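Taking it in order: structure first as C-alpha cells, then the write-up.
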Amino acid sequence: MPTPASNRAIPAIQVDPTNKPYFDAAREGRLLIGLCKDTGKHFWYPRGCSPFTLSNNVELVEAKGIGTVYTYTVMRTKEPYCVAYVELDEGVRVFTNIVDCDLDTVRIGQKVKVVFKPTQGDGPPATMFTPV
Amino acid sequence: MSISGKAYIVGAYEHPTRKADNTSVAQLHAEVAYGALQDAGLTKDDIDGYFCTGAAPGLGPLNMADYLGLTKLRHLDSTDVGGSSYVLHVGHALEAIALGKCNVALVTLAGRPRAEAMATGTAPRSWGVNVPDDPFEIPYGRTVANAYALCAMRHMYEFGTTSEQLAWIKVAASHHAQYNPHAMLPKVVTVEDVVNSPMISDPLHRLDCCVISDGGGALILARPEIAKSLKRPLVKVKGHGEATKNQAAGYTDLTYSGARFSGPRAFEEAGVTPKDIQYASIYDSFTITVLIQLEDLGFCEKGQGGKFVADGNLISGVGKLPFNTDGGGLCNNHPANRGGMTKVIEAVRQLRGEAHPKVQVPGCTLALAHGTGGLLGTRHGSATVILERE
C-alpha cells in the first residue's frame, strides 16, 4: 500500500540576521548554498563564516537545485513524512524532506529537484525535494 | 605525562526507579548521590569536585550543588554532550584528580521524561535558542528516531547490513535483561519479534529503539590513596578519549561515528587494544548505534558490524564480546534519555564481579564504556573510557 506524502504542517522557520539572505532567496524560489571564497569550496548549512577557514570571506551562491538522495527514512507517525539528506550536484548534503510522491518509492541514489513549501505563518518557505 | 590510572571509580549507584511519579528531578539527584556515597563508604563533605549536565535543574552545577549541600567544591564541570556526557565526565574527573584540582569527584544524572510524558524519540525538538542549524533541520521534522534511522539506511545501502542483524543486538540485550529485576523489558525476544514490531522510522522498528525511563545514577571518583583506603574493589580509570562529529560543512559521511576518534584516544592512553577488552558497555539508544560504534571502536572492520553482532556474539557466556549485561538502554533503562551513566555503572559492576551471576564475565579485569550523545545523523559527542580492575 503506498504512503502518500502528508500535508504535515511545517513549523515556522527561525530567521536571524545572518541567515536572512538565504530565506529571502527562498521566498523568490531560489536555493542558495554557502561558498567559501578562501578555498572555493561550497558548504552547507549557510552561515556567516567559512567552516573551512573561519574567516567571513563567504557568500551565498545559487545552486542548480538538482541532486540525489544520499539517505532517507520515512517517519511512520500519524502523518508520515520522509526525512532525507540530498546530495546536491554542487556536492553538499542537505537535510530535507522528500515530498509530493509515494514515500514508499523513495530510494538512495534517486534523482530529485528542489521545491519550496509554505510554512506556518507568513515566514519563508522550507526547501524540500521531489523526484525528478 | 600520562594520567592513566591516576583516579579510581570508588562509588557507583543506579536508581531502581523507572517511573518517578512522586519524586522531583532534584530529589532523584540527591538519592543517586547518596547511594553512590554509601557504596563508596564516603560522606557528602568528602566531595570537592562536582560534575553534571544541562539535564540537572538550574544553571550548570549551581542549583544542584546548593540542593545537595555541597559546600567544599573547588572543581566544577557541567560539560553537556548529551547522553555521552557521563562517560566524558569520568575522563574529566580523571584529569582534575590527576592535576590535584579535586580529591573526590561526584557525577550525577537524573530525570523523569516518562513521568512527564515526553515524546522523546518521535517529536521534533531543539536543544535551545539561537541554535544555528535549527532553521535548516527543525522544519523538516528532525527527531531522535529519524536522525538515527538515516544512518541505518545508509549503512544497509553501503554494506548490506540487514534488519535481522540489527535485531540480534536487541535479542542479546534482552537475554541479559531477563536477569535484571529492574529492567523495563525483561522478556527475552527473538529476531522475528524485533523485525515484526511496528516500523517507527524506516528501517528502525519499535524494538530497535531504547526504552524511555525515569531514574538516574551517580559515580564517585577519587585519588588513588583515597581509593585504596576504602573497602570496595579497585576500579582504575586507565584511558579516556572524547570527540565530536558533525555535518562536516555539508560533506558528512553517516557510516561512522565519533567513536572512530574517541576510541583510539582511549586505547592509546590505556595502552591496550580492542582484543584485550573482556566486557563492553556500548551506548544503545538504537540497535544501529551499537553496530556503528562497535565498528568504529575497532571490535570489527567497518561494514562488518552486521556479521559481528549476529548469532548471539554479544550475549554473555555465548559470544565473544559480552555487552550491556544489565539489559542496556534497549531493555533496562535510559534515565533522562541519557545512557552514558548506566554504561559506566554496569562496567564497574562487571569489574567488581558484582554483575548478576548469569551475566558476569568470569575474571573480568578490563572493560570499556562508550557513549554517543546528541544525534548520530547530525552532530554528536563521543566519549570512551577504559577501566581496569586492580
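Ordered as shown in the C-alpha cells, chains take letters A, B, and onward, while each chain numbers its residues from 1 and ligands are numbered from 1 in the order shown.
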
Residues of chain A were defined as contacting chain B if any atom lay at most 9 Å from it, counting only C-alpha atoms; please report them as a short mmCIF file (atom, residue, chain, number, x, y, z; two decimals) with C-alpha atoms, in the first residue's frame.
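Heads up, here's the output in out18.cif:
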data_model
loop_
_atom_site.label_atom_id
_atom_site.label_comp_id
_atom_site.auth_asym_id
_atom_site.auth_seq_id
_atom_site.Cartn_x
_atom_site.Cartn_y
_atom_site.Cartn_z
CA ILE A 10 5.65 22.76 8.69
CA PRO A 11 6.70 24.88 11.65
CA ALA A 12 7.70 28.49 11.02
CA ILE A 13 11.41 28.96 10.40
CA GLN A 14 13.53 31.00 12.83
CA VAL A 15 15.07 33.68 10.64
CA ASP A 16 18.02 35.53 12.17
CA ASN A 19 20.62 33.58 7.70
CA HIS A 42 30.77 25.06 -1.16
CA PHE A 43 29.35 24.43 2.28
CA TRP A 44 26.05 23.62 3.96
CA TYR A 45 24.25 24.85 6.02
CA PRO A 46 24.55 28.59 5.20
CA ARG A 47 26.38 30.63 7.81
CA SER A 50 33.64 29.61 6.47
CA PRO A 51 33.63 26.21 8.18
CA PHE A 52 36.95 25.61 6.37
CA TYR A 70 22.13 10.20 -0.03
CA THR A 71 19.94 8.59 2.63
CA TYR A 72 16.32 8.76 3.77
CA THR A 73 13.79 7.45 6.25
CA VAL A 74 10.01 7.54 6.41
CA MET A 75 8.84 8.65 9.83
CA ARG A 76 5.79 6.44 10.47
CA THR A 77 3.82 8.96 12.52
CA TYR A 81 6.89 12.15 6.20
CA CYS A 82 10.22 11.41 4.57
CA VAL A 83 13.39 12.87 6.05
CA ALA A 84 16.47 12.72 3.86
CA TYR A 85 19.89 14.02 3.09
CA GLU A 87 23.47 15.45 -2.11
CA GLY A 91 28.48 18.32 -3.60
CA VAL A 92 26.93 19.33 -0.28
CA ARG A 93 24.49 17.09 1.60
CA VAL A 94 21.34 18.92 2.69
CA PHE A 95 18.99 17.83 5.49
CA THR A 96 15.49 17.96 3.99
CA ASN A 97 12.20 16.22 3.21
CA ILE A 108 19.05 6.09 -2.17
CA THR A 119 5.44 27.05 6.47
CA ALA A 126 11.06 25.36 3.51
CA THR A 127 13.42 23.91 0.92
CA MET A 128 12.30 20.39 0.03
#

Residues within 9 Å of Ser197 (chain B), only C-alpha atoms, excluding chain neighbours under 6 positions, as a list of chain:residue names: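 So the residues in contact are B:His205, B:Arg206, B:Leu207, B:Asp208.
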
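Residues lying within 8 Å of Gly111 (chain B), counting only C-alpha atoms and ignoring same-chain neighbours fewer than 5 positions away, are Val25, Leu28, Ala55, Ala56, Asp214, Gly215, Gly216, Pro335, Ala336 and Asn337 of chain B.
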
Next, the residues of the selection above should be written as an mmCIF file, in the first residue's frame with N, CA and C atoms.
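Saved result, out_13.cif, follows:
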data_model
loop_
_atom_site.group_PDB
_atom_site.id
_atom_site.type_symbol
_atom_site.label_atom_id
_atom_site.label_comp_id
_atom_site.auth_asym_id
_atom_site.auth_seq_id
_atom_site.Cartn_x
_atom_site.Cartn_y
_atom_site.Cartn_z
ATOM 1 N N VAL B 25 13.072 15.860 40.060
ATOM 2 C CA VAL B 25 14.369 15.603 39.434
ATOM 3 C C VAL B 25 15.500 15.902 40.419
ATOM 4 N N LEU B 28 15.830 13.148 42.851
ATOM 5 C CA LEU B 28 16.469 11.962 42.253
ATOM 6 C C LEU B 28 17.994 12.138 42.247
ATOM 7 N N ALA B 55 20.962 18.500 31.952
ATOM 8 C CA ALA B 55 19.783 17.765 32.425
ATOM 9 C C ALA B 55 19.531 18.027 33.904
ATOM 10 N N ALA B 56 20.541 18.513 34.608
ATOM 11 C CA ALA B 56 20.356 18.860 36.023
ATOM 12 C C ALA B 56 19.616 20.188 36.102
ATOM 13 N N ASP B 214 12.517 6.961 33.616
ATOM 14 C CA ASP B 214 12.955 7.906 34.634
ATOM 15 C C ASP B 214 14.094 7.246 35.420
ATOM 16 N N GLY B 215 14.666 8.030 36.325
ATOM 17 C CA GLY B 215 15.706 7.469 37.185
ATOM 18 C C GLY B 215 16.988 8.255 37.067
ATOM 19 N N GLY B 216 18.079 7.551 37.230
ATOM 20 C CA GLY B 216 19.374 8.226 37.168
ATOM 21 C C GLY B 216 20.456 7.366 37.775
ATOM 22 N N PRO B 335 17.747 6.496 31.690
ATOM 23 C CA PRO B 335 17.272 7.601 32.536
ATOM 24 C C PRO B 335 17.577 8.973 31.942
ATOM 25 N N ALA B 336 16.561 9.826 31.924
ATOM 26 C CA ALA B 336 16.687 11.193 31.410
ATOM 27 C C ALA B 336 17.090 11.213 29.940
ATOM 28 N N ASN B 337 16.832 10.118 29.243
ATOM 29 C CA ASN B 337 17.216 9.973 27.826
ATOM 30 C C ASN B 337 18.723 10.060 27.645
#

Per DSSP on the backbone, filter region 171-267 of chain B down to the residues in alpha helix (DSSP H) and report them as JSON, numbers by chain. {"B": [171, 172, 173, 174, 175, 176, 177, 191, 192, 193, 194, 195, 224, 225, 226, 227, 228, 229, 259, 260, 261, 262, 263, 264, 265, 266, 267]}

Only N, CA and C atoms, please: the residues just picked out, written as an mmCIF file, in the first residue's frame.
data_model
loop_
_atom_site.group_PDB
_atom_site.id
_atom_site.type_symbol
_atom_site.label_atom_id
_atom_site.label_comp_id
_atom_site.auth_asym_id
_atom_site.auth_seq_id
_atom_site.Cartn_x
_atom_site.Cartn_y
_atom_site.Cartn_z
ATOM 1 N N VAL B 171 18.130 -8.679 20.723
ATOM 2 C CA VAL B 171 17.999 -10.038 21.266
ATOM 3 C C VAL B 171 19.030 -10.247 22.382
ATOM 4 N N ALA B 172 20.280 -9.833 22.127
ATOM 5 C CA ALA B 172 21.331 -10.010 23.131
ATOM 6 C C ALA B 172 21.015 -9.212 24.391
ATOM 7 N N ALA B 173 20.573 -7.961 24.206
ATOM 8 C CA ALA B 173 20.231 -7.127 25.368
ATOM 9 C C ALA B 173 19.116 -7.774 26.180
ATOM 10 N N SER B 174 18.144 -8.363 25.478
ATOM 11 C CA SER B 174 17.009 -8.971 26.191
ATOM 12 C C SER B 174 17.441 -10.222 26.953
ATOM 13 N N HIS B 175 18.410 -10.962 26.421
ATOM 14 C CA HIS B 175 18.939 -12.125 27.147
ATOM 15 C C HIS B 175 19.531 -11.698 28.481
ATOM 16 N N HIS B 176 20.160 -10.524 28.503
ATOM 17 C CA HIS B 176 20.746 -10.021 29.744
ATOM 18 C C HIS B 176 19.673 -9.438 30.668
ATOM 19 N N ALA B 177 18.703 -8.742 30.071
ATOM 20 C CA ALA B 177 17.675 -8.051 30.874
ATOM 21 C C ALA B 177 16.820 -9.029 31.680
ATOM 22 N N VAL B 191 14.713 -12.538 17.004
ATOM 23 C CA VAL B 191 14.919 -11.704 15.817
ATOM 24 C C VAL B 191 13.571 -11.405 15.157
ATOM 25 N N GLU B 192 12.708 -12.419 15.100
ATOM 26 C CA GLU B 192 11.392 -12.232 14.467
ATOM 27 C C GLU B 192 10.558 -11.204 15.235
ATOM 28 N N ASP B 193 10.633 -11.265 16.571
ATOM 29 C CA ASP B 193 9.885 -10.278 17.370
ATOM 30 C C ASP B 193 10.300 -8.858 16.990
ATOM 31 N N VAL B 194 11.606 -8.670 16.801
ATOM 32 C CA VAL B 194 12.109 -7.311 16.517
ATOM 33 C C VAL B 194 11.660 -6.858 15.129
ATOM 34 N N VAL B 195 11.894 -7.702 14.127
ATOM 35 C CA VAL B 195 11.597 -7.246 12.757
ATOM 36 C C VAL B 195 10.092 -7.196 12.484
ATOM 37 N N PRO B 224 44.075 7.876 44.018
ATOM 38 C CA PRO B 224 44.480 6.503 44.352
ATOM 39 C C PRO B 224 44.604 6.252 45.857
ATOM 40 N N GLU B 225 45.198 7.165 46.608
ATOM 41 C CA GLU B 225 45.387 6.931 48.050
ATOM 42 C C GLU B 225 44.037 6.776 48.754
ATOM 43 N N ILE B 226 43.071 7.595 48.347
ATOM 44 C CA ILE B 226 41.740 7.504 48.968
ATOM 45 C C ILE B 226 41.082 6.190 48.567
ATOM 46 N N ALA B 227 41.161 5.862 47.265
ATOM 47 C CA ALA B 227 40.542 4.622 46.783
ATOM 48 C C ALA B 227 41.079 3.414 47.552
ATOM 49 N N LYS B 228 42.366 3.411 47.806
ATOM 50 C CA LYS B 228 42.994 2.254 48.464
ATOM 51 C C LYS B 228 42.668 2.198 49.952
ATOM 52 N N SER B 229 42.171 3.318 50.503
ATOM 53 C CA SER B 229 41.795 3.323 51.921
ATOM 54 C C SER B 229 40.364 2.821 52.116
ATOM 55 N N ALA B 259 33.099 7.740 17.594
ATOM 56 C CA ALA B 259 33.887 6.678 18.237
ATOM 57 C C ALA B 259 35.156 6.379 17.449
ATOM 58 N N ARG B 260 35.138 6.693 16.169
ATOM 59 C CA ARG B 260 36.323 6.499 15.333
ATOM 60 C C ARG B 260 37.501 7.329 15.880
ATOM 61 N N PHE B 261 37.184 8.419 16.567
ATOM 62 C CA PHE B 261 38.228 9.293 17.111
ATOM 63 C C PHE B 261 38.421 9.092 18.619
ATOM 64 N N SER B 262 37.306 9.017 19.364
ATOM 65 C CA SER B 262 37.444 8.897 20.823
ATOM 66 C C SER B 262 37.993 7.531 21.214
ATOM 67 N N GLY B 263 37.638 6.493 20.461
ATOM 68 C CA GLY B 263 38.094 5.140 20.789
ATOM 69 C C GLY B 263 39.612 5.007 20.776
ATOM 70 N N PRO B 264 40.257 5.311 19.636
ATOM 71 C CA PRO B 264 41.719 5.183 19.597
ATOM 72 C C PRO B 264 42.422 6.032 20.654
ATOM 73 N N ARG B 265 41.863 7.207 20.980
ATOM 74 C CA ARG B 265 42.484 8.040 22.025
ATOM 75 C C ARG B 265 42.448 7.311 23.369
ATOM 76 N N ALA B 266 41.333 6.681 23.661
ATOM 77 C CA ALA B 266 41.222 5.953 24.934
ATOM 78 C C ALA B 266 42.135 4.730 24.955
ATOM 79 N N PHE B 267 42.167 4.002 23.849
ATOM 80 C CA PHE B 267 43.032 2.804 23.798
ATOM 81 C C PHE B 267 44.498 3.192 23.935
#

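Coordinates place CA of His380 (chain B) at a distance of 15.6 Å from CA of Gly121 (chain B).
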
Name the residues in contact with Pro4 (chain A) at a cut-off of 10 Å, using only C-alpha atoms, excluding same-chain residues fewer than 4 positions from it; report them as a PyMOL selection string. chain A and resi 79-81+99-105

Those selected residues, please, written with C-alpha atoms and delivered as a short mmCIF file (atom, residue, chain, number, x, y, z; two decimals), in the first residue's frame.
data_model
loop_
_atom_site.label_atom_id
_atom_site.label_comp_id
_atom_site.auth_asym_id
_atom_site.auth_seq_id
_atom_site.Cartn_x
_atom_site.Cartn_y
_atom_site.Cartn_z
CA GLU A 79 1.12 11.98 9.23
CA PRO A 80 4.04 10.11 7.65
CA TYR A 81 6.89 12.15 6.20
CA VAL A 99 7.66 15.31 -0.85
CA ASP A 100 4.92 15.04 -3.48
CA CYS A 101 5.37 11.33 -4.14
CA ASP A 102 4.62 7.87 -2.75
CA LEU A 103 7.07 7.85 0.15
CA ASP A 104 7.49 4.08 -0.16
CA THR A 105 9.17 4.57 -3.54
#

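The interatomic distance for the pair CA of Ile47 (chain B) and CA of Val104 (chain B) works out to 5.0 Å.
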
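Among the candidates A:Ala63, A:Gln110, A:Lys117, A:Arg27, the one nearest to Asn7 (chain A) when counting only C-alpha atoms is A:Lys117.
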
As a PyMOL selection string, list the residues of region 43-107 of chain A assigned to strand (DSSP E) by DSSP on the backbone atoms of this structure. chain A and resi 43+58-62+66-75+81-88+93-98
